[in-house]
>>> print(open('data25.tsv').read())   # TSV, C-alpha atoms and all ligand atoms
chain	number	residue	atom	x	y	z
A	17	MET	CA	4.60	36.50	-186.41
A	18	ILE	CA	3.23	36.98	-182.91
A	19	PRO	CA	3.11	33.65	-181.03
A	20	PRO	CA	-0.35	32.66	-179.74
A	21	ILE	CA	0.59	33.29	-176.08
A	22	ALA	CA	1.41	36.93	-176.84
A	23	SER	CA	-1.57	37.48	-179.11
A	24	ASN	CA	-3.77	37.55	-176.02
A	25	PHE	CA	-2.29	40.95	-175.19
A	26	VAL	CA	-1.33	42.31	-178.63
A	27	ALA	CA	-3.74	42.60	-181.55
A	28	GLY	CA	-1.26	41.83	-184.33
A	29	GLU	CA	1.76	43.25	-186.08
A	30	THR	CA	-0.14	45.36	-188.60
A	31	SER	CA	-2.85	48.02	-188.39
A	32	ASP	CA	-5.10	45.71	-190.46
A	33	ALA	CA	-4.86	43.01	-187.79
A	34	ALA	CA	-5.56	45.57	-185.07
A	35	LEU	CA	-8.58	46.91	-186.95
A	36	SER	CA	-10.05	43.40	-187.30
A	37	HIS	CA	-9.75	43.08	-183.52
A	38	VAL	CA	-11.52	46.44	-183.15
A	39	GLU	CA	-14.40	45.18	-185.32
A	40	THR	CA	-14.86	42.20	-182.97
A	41	LEU	CA	-14.71	44.45	-179.92
A	42	ASN	CA	-17.23	46.90	-181.38
A	43	ALA	CA	-19.61	44.01	-182.09
A	44	ASP	CA	-19.51	43.30	-178.32
A	45	GLY	CA	-20.23	46.94	-177.51
A	46	VAL	CA	-16.65	47.74	-176.46
A	47	GLY	CA	-14.73	50.67	-177.97
A	48	ALA	CA	-10.99	50.62	-178.71
A	49	ILE	CA	-7.99	52.77	-177.91
A	50	LEU	CA	-5.29	51.83	-180.41
A	51	ASN	CA	-1.63	52.05	-179.51
A	52	LEU	CA	1.14	51.35	-181.97
A	53	LEU	CA	3.86	49.78	-179.82
A	54	GLY	CA	7.07	51.79	-179.61
A	55	GLU	CA	8.80	54.04	-177.09
A	56	HIS	CA	12.06	55.76	-176.11
A	57	TYR	CA	13.19	56.61	-179.63
A	58	HIS	CA	16.26	58.80	-179.85
A	59	ASP	CA	16.23	58.91	-183.61
A	60	ARG	CA	14.01	61.52	-185.22
A	61	ALA	CA	13.31	59.32	-188.26
A	62	GLU	CA	11.82	56.58	-186.04
A	63	ALA	CA	9.65	59.08	-184.18
A	64	ASP	CA	8.46	60.64	-187.45
A	65	ALA	CA	7.68	57.22	-188.93
A	66	ASP	CA	5.43	56.29	-185.98
A	67	ALA	CA	3.74	59.69	-186.11
A	68	ASP	CA	3.10	59.08	-189.85
A	69	ALA	CA	1.59	55.70	-188.95
A	70	TYR	CA	-0.80	57.36	-186.47
A	71	VAL	CA	-1.82	59.93	-189.09
A	72	GLU	CA	-2.66	57.10	-191.51
A	73	LEU	CA	-4.44	55.20	-188.75
A	74	VAL	CA	-6.80	58.03	-187.77
A	75	GLU	CA	-7.71	58.47	-191.43
A	76	GLU	CA	-8.37	54.73	-191.79
A	77	LEU	CA	-10.51	54.70	-188.63
A	78	ALA	CA	-12.73	57.39	-190.13
A	79	ARG	CA	-12.99	55.45	-193.43
A	80	ARG	CA	-14.05	52.27	-191.61
A	81	ASP	CA	-16.39	54.11	-189.21
A	82	LEU	CA	-15.14	52.21	-186.16
A	83	ASP	CA	-15.67	53.07	-182.50
A	84	ALA	CA	-11.99	53.64	-181.83
A	85	CYS	CA	-9.47	56.31	-180.93
A	86	VAL	CA	-5.68	56.36	-180.50
A	87	SER	CA	-3.26	56.71	-177.59
A	88	VAL	CA	0.30	57.89	-178.19
A	89	LYS	CA	3.41	57.76	-176.03
A	90	PRO	CA	5.43	61.01	-175.92
A	91	SER	CA	8.77	59.17	-176.16
A	92	GLN	CA	7.48	57.32	-179.20
A	93	ILE	CA	6.74	60.44	-181.19
A	94	GLY	CA	9.85	62.44	-180.42
A	95	LEU	CA	10.27	63.37	-176.75
A	96	GLY	CA	13.52	61.37	-176.60
A	97	VAL	CA	14.83	63.53	-179.45
A	98	SER	CA	13.64	66.98	-178.32
A	99	ASP	CA	10.57	68.71	-176.91
A	100	ALA	CA	10.11	70.36	-180.31
A	101	ALA	CA	10.09	67.02	-182.15
A	102	PHE	CA	7.43	65.70	-179.75
A	103	GLU	CA	5.31	68.80	-180.10
A	104	GLU	CA	5.54	68.86	-183.90
A	105	ASN	CA	4.55	65.21	-184.23
A	106	LEU	CA	1.76	65.46	-181.67
A	107	ALA	CA	0.38	68.50	-183.51
A	108	ARG	CA	0.39	66.54	-186.79
A	109	ILE	CA	-1.52	63.65	-185.23
A	110	VAL	CA	-4.06	65.87	-183.45
A	111	GLU	CA	-4.65	67.92	-186.63
A	112	ALA	CA	-5.19	64.77	-188.71
A	113	ALA	CA	-7.54	63.37	-186.06
A	114	SER	CA	-9.59	66.59	-185.87
A	115	ALA	CA	-9.71	66.85	-189.66
A	116	SER	CA	-10.80	63.24	-190.10
A	117	GLU	CA	-14.48	62.61	-190.65
A	118	GLY	CA	-14.79	60.55	-187.49
A	119	ASP	CA	-13.33	63.32	-185.28
A	120	CYS	CA	-10.94	60.76	-183.87
A	121	PHE	CA	-10.02	61.33	-180.22
A	122	VAL	CA	-6.32	61.38	-179.29
A	123	TRP	CA	-5.10	60.21	-175.87
A	124	ILE	CA	-1.60	60.98	-174.61
A	125	ASP	CA	-0.14	58.27	-172.37
A	126	MET	CA	1.92	59.34	-169.37
A	127	GLU	CA	5.47	58.04	-169.02
A	128	ASP	CA	8.01	58.51	-166.21
A	129	HIS	CA	7.98	61.60	-163.95
A	130	GLU	CA	10.62	63.46	-165.96
A	131	THR	CA	8.11	63.76	-168.79
A	132	THR	CA	5.06	64.87	-166.76
A	133	ASP	CA	5.41	68.64	-167.22
A	134	VAL	CA	6.05	68.61	-170.96
A	135	THR	CA	3.22	66.09	-171.47
A	136	LEU	CA	0.69	68.12	-169.47
A	137	ASP	CA	1.74	71.35	-171.22
A	138	ALA	CA	1.23	69.73	-174.64
A	139	PHE	CA	-2.13	68.34	-173.55
A	140	GLU	CA	-3.25	71.76	-172.33
A	141	ARG	CA	-2.34	73.45	-175.62
A	142	HIS	CA	-4.24	70.92	-177.73
A	143	ALA	CA	-7.16	70.62	-175.32
A	144	VAL	CA	-7.73	74.37	-175.58
A	145	GLU	CA	-7.13	74.54	-179.36
A	146	THR	CA	-9.43	71.62	-180.20
A	147	GLY	CA	-12.06	72.35	-177.56
A	148	GLY	CA	-11.42	69.01	-175.82
A	149	GLU	CA	-10.61	66.48	-178.56
A	150	VAL	CA	-7.61	65.16	-176.63
A	151	GLY	CA	-7.08	63.32	-173.37
A	152	VAL	CA	-4.17	62.75	-171.02
A	153	CYS	CA	-3.27	60.12	-168.46
A	154	VAL	CA	-2.28	60.94	-164.87
A	155	GLN	CA	-0.80	58.55	-162.31
A	156	ALA	CA	-2.16	58.18	-158.77
A	157	ASN	CA	1.23	57.02	-157.43
A	158	LEU	CA	2.85	60.41	-158.12
A	159	LYS	CA	2.51	62.82	-155.18
A	160	ARG	CA	2.17	65.81	-157.56
A	161	THR	CA	-1.01	64.43	-159.15
A	162	ARG	CA	-3.44	66.15	-156.74
A	163	GLU	CA	-2.13	69.55	-157.90
A	164	ASP	CA	-2.11	68.44	-161.55
A	165	LEU	CA	-5.77	67.45	-161.27
A	166	GLU	CA	-6.66	70.91	-160.00
A	167	ARG	CA	-5.03	72.40	-163.11
A	168	LEU	CA	-6.72	69.86	-165.41
A	169	ALA	CA	-10.18	70.43	-163.89
A	170	ASP	CA	-10.31	73.86	-165.54
A	171	LEU	CA	-9.46	72.54	-169.02
A	172	PRO	CA	-11.54	70.91	-171.74
A	173	GLY	CA	-10.62	67.34	-172.72
A	174	LYS	CA	-10.59	64.06	-170.85
A	175	VAL	CA	-8.34	62.70	-168.15
A	176	ARG	CA	-7.55	59.02	-167.58
A	177	LEU	CA	-6.63	58.13	-164.01
A	178	VAL	CA	-4.31	55.12	-163.60
A	179	LYS	CA	-2.38	53.79	-160.61
A	180	GLY	CA	0.97	54.31	-162.39
A	181	ALA	CA	3.22	51.80	-164.13
A	182	TYR	CA	6.67	53.35	-163.57
A	183	ASP	CA	9.01	52.62	-160.68
A	184	GLU	CA	9.41	56.17	-159.39
A	185	PRO	CA	11.69	57.46	-156.56
A	186	LYS	CA	10.24	57.35	-153.02
A	187	ALA	CA	10.63	61.13	-152.59
A	188	ILE	CA	8.04	61.86	-155.27
A	189	ALA	CA	5.84	58.76	-155.36
A	190	HIS	CA	3.73	56.56	-153.11
A	191	LYS	CA	5.32	53.11	-153.09
A	192	LYS	CA	2.82	51.04	-151.08
A	193	LYS	CA	-0.10	49.54	-152.99
A	194	ALA	CA	-2.54	50.33	-150.15
A	195	LYS	CA	-1.56	54.01	-150.27
A	196	VAL	CA	-1.85	54.15	-154.07
A	197	ASP	CA	-5.33	52.58	-153.81
A	198	GLU	CA	-6.32	55.13	-151.16
A	199	VAL	CA	-5.23	58.14	-153.23
A	200	TYR	CA	-6.72	56.63	-156.39
A	201	LYS	CA	-10.13	56.75	-154.71
A	202	GLU	CA	-9.49	60.24	-153.35
A	203	TYR	CA	-8.62	61.47	-156.87
A	204	LEU	CA	-11.66	59.75	-158.37
A	205	GLU	CA	-13.82	61.63	-155.87
A	206	PHE	CA	-12.20	64.92	-156.88
A	207	MET	CA	-12.63	64.17	-160.58
A	208	PHE	CA	-16.29	63.15	-160.35
A	209	ARG	CA	-16.96	66.35	-158.37
A	210	GLU	CA	-14.93	68.83	-160.44
A	211	PHE	CA	-14.57	67.53	-164.03
A	212	ASP	CA	-17.12	68.56	-166.66
A	213	ASP	CA	-15.87	66.49	-169.64
A	214	GLY	CA	-16.07	63.09	-168.02
A	215	VAL	CA	-13.69	60.82	-166.23
A	216	ALA	CA	-11.76	57.82	-167.58
A	217	VAL	CA	-11.10	55.07	-165.04
A	218	GLY	CA	-8.00	53.24	-166.32
A	219	SER	CA	-8.00	50.24	-164.00
A	220	HIS	CA	-8.80	46.52	-163.88
A	221	ASP	CA	-9.41	46.72	-160.16
A	222	PRO	CA	-13.06	45.80	-159.40
A	223	GLU	CA	-12.89	47.92	-156.23
A	224	MET	CA	-11.96	51.07	-158.20
A	225	VAL	CA	-14.53	50.40	-160.92
A	226	GLU	CA	-17.32	49.92	-158.36
A	227	TYR	CA	-16.19	53.04	-156.52
A	228	ALA	CA	-16.47	54.99	-159.79
A	229	MET	CA	-19.97	53.60	-160.37
A	230	ASP	CA	-21.04	54.84	-156.91
A	231	LEU	CA	-19.55	58.27	-157.62
A	232	HIS	CA	-21.39	58.40	-160.93
A	233	ASP	CA	-24.67	57.65	-159.12
A	234	GLU	CA	-23.92	60.42	-156.63
A	235	HIS	CA	-22.69	63.16	-159.01
A	236	GLY	CA	-24.09	62.17	-162.42
A	237	THR	CA	-20.69	62.80	-164.06
A	238	ASP	CA	-20.10	60.80	-167.28
A	239	PHE	CA	-17.36	58.22	-167.08
A	240	GLU	CA	-15.75	55.47	-169.10
A	241	ILE	CA	-13.90	52.37	-167.99
A	242	GLN	CA	-10.63	51.60	-169.76
A	243	MET	CA	-8.85	48.25	-169.52
A	244	LEU	CA	-6.05	46.57	-171.43
A	245	MET	CA	-6.50	43.94	-174.12
A	246	GLY	CA	-6.11	40.48	-172.57
A	247	VAL	CA	-7.03	41.56	-169.04
A	248	ARG	CA	-10.50	40.85	-167.58
A	249	GLU	CA	-11.99	40.77	-171.08
A	250	GLU	CA	-15.16	38.98	-169.91
A	251	ALA	CA	-15.72	41.78	-167.41
A	252	GLN	CA	-15.20	44.35	-170.18
A	253	VAL	CA	-17.97	42.82	-172.30
A	254	ALA	CA	-20.25	42.36	-169.27
A	255	LEU	CA	-19.81	45.99	-168.20
A	256	ALA	CA	-20.53	47.18	-171.74
A	257	GLY	CA	-23.63	44.95	-171.80
A	258	ALA	CA	-24.76	46.53	-168.54
A	259	GLY	CA	-24.70	49.94	-170.25
A	260	TYR	CA	-21.32	51.32	-169.14
A	261	GLU	CA	-18.94	52.89	-171.64
A	262	VAL	CA	-15.97	50.54	-171.90
A	263	ASN	CA	-12.89	51.10	-174.03
A	264	GLN	CA	-10.16	48.54	-174.48
A	265	TYR	CA	-6.54	49.67	-174.90
A	266	VAL	CA	-5.36	47.69	-177.93
A	267	PRO	CA	-1.58	47.54	-178.56
A	268	TYR	CA	-0.31	46.38	-181.94
A	269	GLY	CA	2.84	46.47	-184.04
A	270	ASN	CA	6.08	44.58	-184.44
A	271	LYS	CA	7.61	45.81	-181.15
A	272	TRP	CA	5.36	43.50	-179.13
A	273	MET	CA	8.02	41.50	-177.27
A	274	GLN	CA	8.85	44.06	-174.55
A	275	TYR	CA	5.18	44.87	-173.96
A	276	PHE	CA	4.26	41.20	-173.68
A	277	TYR	CA	7.01	40.49	-171.10
A	278	ARG	CA	5.87	43.50	-169.06
A	279	ARG	CA	2.36	42.00	-168.89
A	280	VAL	CA	3.80	38.60	-167.90
A	281	ARG	CA	6.04	40.08	-165.21
A	282	GLU	CA	3.36	42.20	-163.56
A	283	ARG	CA	1.06	39.36	-162.63
A	284	LYS	CA	1.53	35.77	-161.46
A	285	GLU	CA	-1.57	34.54	-163.38
A	286	ASN	CA	-0.20	35.95	-166.65
A	287	ALA	CA	3.17	34.23	-166.06
A	288	LEU	CA	1.48	30.88	-165.34
A	289	PHE	CA	-0.66	31.27	-168.43
A	290	ALA	CA	2.46	31.89	-170.55
A	291	LEU	CA	4.28	28.93	-168.96
A	292	ARG	CA	1.32	26.58	-169.56
A	293	ALA	CA	1.15	27.67	-173.20
A	294	VAL	CA	4.89	27.00	-173.69
A	295	LEU	CA	4.67	23.54	-172.02
A	296	SER	CA	1.65	22.46	-174.03
A	301	LIG	P1	-3.79	46.45	-159.83
A	301	LIG	O1	-3.50	47.22	-158.59
A	301	LIG	O2	-2.64	45.95	-160.66
A	301	LIG	O3	-4.71	45.21	-159.49
A	301	LIG	C1	-5.85	45.40	-158.66
A	301	LIG	C2	-6.86	44.30	-158.91
A	301	LIG	O4	-7.31	44.36	-160.28
A	301	LIG	C3	-6.34	42.90	-158.73
A	301	LIG	O5	-6.31	42.52	-157.37
A	301	LIG	C4	-7.36	42.12	-159.56
A	301	LIG	O6	-8.57	41.98	-158.86
A	301	LIG	C5	-7.57	43.04	-160.74
A	301	LIG	N1	-6.62	42.71	-161.83
A	301	LIG	C6	-5.52	43.39	-162.17
A	301	LIG	N2	-4.87	42.79	-163.20
A	301	LIG	C7	-5.58	41.68	-163.49
A	301	LIG	C8	-5.43	40.61	-164.43
A	301	LIG	N3	-4.38	40.55	-165.28
A	301	LIG	N4	-6.36	39.64	-164.44
A	301	LIG	C9	-7.41	39.65	-163.59
A	301	LIG	N5	-7.60	40.62	-162.66
A	301	LIG	C10	-6.71	41.62	-162.62
A	301	LIG	N6	0.23	53.51	-166.64
A	301	LIG	C11	1.01	54.60	-166.82
A	301	LIG	O7	1.92	54.86	-166.02
A	301	LIG	N7	0.79	55.45	-167.89
A	301	LIG	C12	-0.22	55.25	-168.78
A	301	LIG	O8	-0.39	56.03	-169.72
A	301	LIG	C13	-1.08	54.12	-168.58
A	301	LIG	N8	-2.12	53.89	-169.40
A	301	LIG	C14	-2.99	52.87	-169.11
A	301	LIG	C15	-4.14	52.72	-169.89
A	301	LIG	C16	-5.08	51.76	-169.55
A	301	LIG	C17	-6.31	51.61	-170.37
A	301	LIG	C18	-4.85	50.89	-168.40
A	301	LIG	C19	-5.85	49.85	-167.99
A	301	LIG	C20	-3.71	51.03	-167.66
A	301	LIG	C21	-2.76	51.99	-168.00
A	301	LIG	N9	-1.59	52.15	-167.25
A	301	LIG	C22	-0.80	53.24	-167.47
A	301	LIG	C23	-1.17	51.09	-166.29
A	301	LIG	C24	-1.58	51.40	-164.85
A	301	LIG	O9	-0.81	52.47	-164.35
A	301	LIG	C25	-1.39	50.18	-163.94
A	301	LIG	O10	-0.04	49.83	-163.89
A	301	LIG	C26	-2.17	48.95	-164.35
A	301	LIG	O11	-3.43	49.27	-164.86
A	301	LIG	C27	-2.37	48.02	-163.12
A	301	LIG	O12	-3.16	48.65	-162.14
A	301	LIG	P2	-4.72	48.29	-161.92
A	301	LIG	O13	-5.42	49.55	-161.50
A	301	LIG	O14	-5.26	47.67	-163.14
A	301	LIG	O15	-4.82	47.27	-160.73
>>> encode(input="data25.tsv", output="structure tokens", more="lines below")
Ligand code: FAD
Amino acid sequence: MIPPIASNFVAGETSDAALSHVETLNADGVGAILNLLGEHYHDRAEADADADAYVELVEELARRDLDACVSVKPSQIGLGVSDAAFEENLARIVEAASASEGDCFVWIDMEDHETTDVTLDAFERHAVETGGEVGVCVQANLKRTREDLERLADLPGKVRLVKGAYDEPKAIAHKKKAKVDEVYKEYLEFMFREFDDGVAVGSHDPEMVEYAMDLHDEHGTDFEIQMLMGVREEAQVALAGAGYEVNQYVPYGNKWMQYFYRRVRERKENALFALRAVLS
């Protein structure tokens, strides 16, 4: 069972628990991006099992008519085994999502820099084949991202811009927060100017969200705000109430421990919250 302190950030161990959370979110006008926790598998059977779970999930989402989509990690569905395993499993999930009655959207998370090329290539193939029913994440901290955005601007499908969660080498990544914030804004400007299928702002940073709102007013480009479960949830509901499209990234599954500690480590407030819960 997930202890109460972790259940702030993780919707439950089962898809049923996650779907109940989605129902509550939808009632508040917030959509969901479901992620079954798991990554870095080197065993094909594990990767196949999680891909099977996503196939079942997209079918269940259509049956329940929920405002929800899925986000998959390449190393969860086979990239740690082989490029072919990743591609086969991703194709299965995208096909099931496109065939489902709800036309479920499939996001592909971005992992460390060694996986960027294979992830973008897979996105491109499915974006073209499905006419834009898939999305991919790009990271502002990577110096290559400006060029990647130019390639992505010509493709159908959506792109989520995040600051970047991986500790990348200095030669290929911006390391200072101020620099990452500066390029994040620069990339948002490019995306609002050049992207036809909308922009996804994957950030809790009020400065970035307000910047995106200003760019929307200037260019008219559609955009959505994406934040994690357990982070600025009141703001998520308020933004949805104000008419913005907000989607919450909702992790679930029995591999919640590592994810929870990552959330605790990345922010002092989260660590204090966890400590207070343990002491009480
Ligand atoms: P930060 O720079 O961490 O914080 C800026 C400001 O935001 C803070 O000063 C504060 O005002 C506010 N804020 C941030 N956190 C909190 C909090 N806990 N409580 C209150 N206020 C807060 N990374 C990847 O590398 N690959 C991915 O595929 C990926 N997918 C993501 C999907 C989503 C939906 C989101 C939201 C993030 C994703 N990330 C991903 C993580 C991302 O790269 C960042 O590490 C993470 O979002 C932290 O950056 P930030 O923009 O939220 O703001």
>>> closest_residue(input="data25.tsv", among="A:Gly45, A:Pro20, A:Gly180, A:Pro90", to="ligand LIG 301 (chain A)", atoms="all atoms listed in the file")
A:Gly180
>>> closest_atom_pairs(input="data25.tsv", of="range 94-198 of chain A", to="range 75-79 of chain A", cutoff="7 Å", atoms="only C-alpha atoms", output="Markdown table")
| residue | atom | partner | partner_atom | distance |
| --- | --- | --- | --- | --- |
| A:Ser116 | CA | A:Glu75 | CA | 5.8 |
| A:Glu117 | CA | A:Ala78 | CA | 5.5 |
| A:Gly118 | CA | A:Ala78 | CA | 4.6 |
>>> residues_near_ligand(input="data25.tsv", ligand="ligand LIG 301 (chain A)", cutoff="7 Å", atoms="all atoms listed in the file", output="list of chain:residue names")
A:Asp125, A:Met126, A:Glu127, A:Cys153, A:Val154, A:Gln155, A:Val178, A:Lys179, A:Gly180, A:Ala181, A:Tyr182, A:Lys193, A:Gly218, A:Ser219, A:His220, A:Asp221, A:Pro222, A:Gln242, A:Met243, A:Leu244, A:Val247, A:Arg248, A:Gln264, A:Tyr265, A:Arg283, A:Glu285, A:Asn286
>>> closest_residue(input="data25.tsv", among="A:His190, A:Ala67, A:Met229, A:Leu255", to="Ala156 in chain A", atoms="only C-alpha atoms")
A:His190
>>> closest_residue(input="data25.tsv", among="A:Ala216, A:Ala254, A:Pro185, A:Met207", to="His235 in chain A", atoms="all atoms listed in the file")
A:Met207
>>> residues_around(input="data25.tsv", residues="Arg60 in chain A", least_positions_apart="4", cutoff="10 Å", atoms="all atoms listed in the file", output="VMD selection string")
chain A and resid 64 to 65 92 to 98 101 to 102
>>> closest_residue(input="data25.tsv", among="A:Glu55, A:Gly246, A:Ser91, A:Pro172", to="Thr131 in chain A", atoms="all atoms listed in the file")
A:Ser91
>>> decode(input="data25.tsv", residues="range 67-121 of chain A", atoms="C-alpha atoms", output="PDB file, in the first residue's frame")
ATOM      1  CA  ALA A  67       3.207  -2.048 -22.895  1.00  0.00           C
ATOM      2  CA  ASP A  68       0.327  -4.549 -22.424  1.00  0.00           C
ATOM      3  CA  ALA A  69      -0.831  -2.520 -19.419  1.00  0.00           C
ATOM      4  CA  TYR A  70      -0.890   0.672 -21.521  1.00  0.00           C
ATOM      5  CA  VAL A  71      -2.882  -1.095 -24.248  1.00  0.00           C
ATOM      6  CA  GLU A  72      -5.463  -2.161 -21.646  1.00  0.00           C
ATOM      7  CA  LEU A  73      -5.452   1.317 -20.134  1.00  0.00           C
ATOM      8  CA  VAL A  74      -6.223   3.171 -23.372  1.00  0.00           C
ATOM      9  CA  GLU A  75      -9.107   0.767 -24.000  1.00  0.00           C
ATOM     10  CA  GLU A  76     -10.431   1.337 -20.465  1.00  0.00           C
ATOM     11  CA  LEU A  77     -10.156   5.126 -20.862  1.00  0.00           C
ATOM     12  CA  ALA A  78     -12.366   4.940 -23.943  1.00  0.00           C
ATOM     13  CA  ARG A  79     -14.898   2.730 -22.104  1.00  0.00           C
ATOM     14  CA  ARG A  80     -15.113   5.186 -19.190  1.00  0.00           C
ATOM     15  CA  ASP A  81     -15.155   8.266 -21.459  1.00  0.00           C
ATOM     16  CA  LEU A  82     -12.623  10.159 -19.345  1.00  0.00           C
ATOM     17  CA  ASP A  83     -10.654  13.265 -20.286  1.00  0.00           C
ATOM     18  CA  ALA A  84      -7.307  11.509 -20.106  1.00  0.00           C
ATOM     19  CA  CYS A  85      -4.379  10.384 -22.209  1.00  0.00           C
ATOM     20  CA  VAL A  86      -1.174   8.445 -21.504  1.00  0.00           C
ATOM     21  CA  SER A  87       2.538   9.245 -21.352  1.00  0.00           C
ATOM     22  CA  VAL A  88       5.112   6.489 -21.804  1.00  0.00           C
ATOM     23  CA  LYS A  89       8.825   6.353 -21.045  1.00  0.00           C
ATOM     24  CA  PRO A  90      10.971   4.824 -23.827  1.00  0.00           C
ATOM     25  CA  SER A  91      13.124   2.854 -21.354  1.00  0.00           C
ATOM     26  CA  GLN A  92       9.965   1.449 -19.802  1.00  0.00           C
ATOM     27  CA  ILE A  93       8.672  -0.057 -23.016  1.00  0.00           C
ATOM     28  CA  GLY A  94      11.865  -1.561 -24.352  1.00  0.00           C
ATOM     29  CA  LEU A  95      14.586   0.978 -25.167  1.00  0.00           C
ATOM     30  CA  GLY A  96      16.879  -0.611 -22.559  1.00  0.00           C
ATOM     31  CA  VAL A  97      16.482  -3.914 -24.420  1.00  0.00           C
ATOM     32  CA  SER A  98      16.809  -2.720 -28.040  1.00  0.00           C
ATOM     33  CA  ASP A  99      15.577   0.027 -30.342  1.00  0.00           C
ATOM     34  CA  ALA A 100      13.401  -2.586 -32.062  1.00  0.00           C
ATOM     35  CA  ALA A 101      11.720  -3.620 -28.794  1.00  0.00           C
ATOM     36  CA  PHE A 102      10.922   0.029 -28.027  1.00  0.00           C
ATOM     37  CA  GLU A 103       9.562   0.646 -31.495  1.00  0.00           C
ATOM     38  CA  GLU A 104       7.416  -2.497 -31.509  1.00  0.00           C
ATOM     39  CA  ASN A 105       5.870  -1.725 -28.130  1.00  0.00           C
ATOM     40  CA  LEU A 106       5.319   1.947 -28.927  1.00  0.00           C
ATOM     41  CA  ALA A 107       3.610   0.960 -32.195  1.00  0.00           C
ATOM     42  CA  ARG A 108       1.294  -1.401 -30.279  1.00  0.00           C
ATOM     43  CA  ILE A 109       0.306   1.325 -27.822  1.00  0.00           C
ATOM     44  CA  VAL A 110      -0.217   3.987 -30.499  1.00  0.00           C
ATOM     45  CA  GLU A 111      -2.287   1.584 -32.637  1.00  0.00           C
ATOM     46  CA  ALA A 112      -4.485   0.639 -29.663  1.00  0.00           C
ATOM     47  CA  ALA A 113      -4.902   4.319 -28.755  1.00  0.00           C
ATOM     48  CA  SER A 114      -5.857   5.313 -32.317  1.00  0.00           C
ATOM     49  CA  ALA A 115      -8.238   2.358 -32.608  1.00  0.00           C
ATOM     50  CA  SER A 116      -9.919   3.104 -29.283  1.00  0.00           C
ATOM     51  CA  GLU A 117     -13.212   4.953 -29.407  1.00  0.00           C
ATOM     52  CA  GLY A 118     -11.842   7.893 -27.442  1.00  0.00           C
ATOM     53  CA  ASP A 119      -8.912   8.419 -29.866  1.00  0.00           C
ATOM     54  CA  CYS A 120      -6.610   8.412 -26.870  1.00  0.00           C
ATOM     55  CA  PHE A 121      -3.570  10.673 -27.243  1.00  0.00           C
TER      56      PHE A 121
END
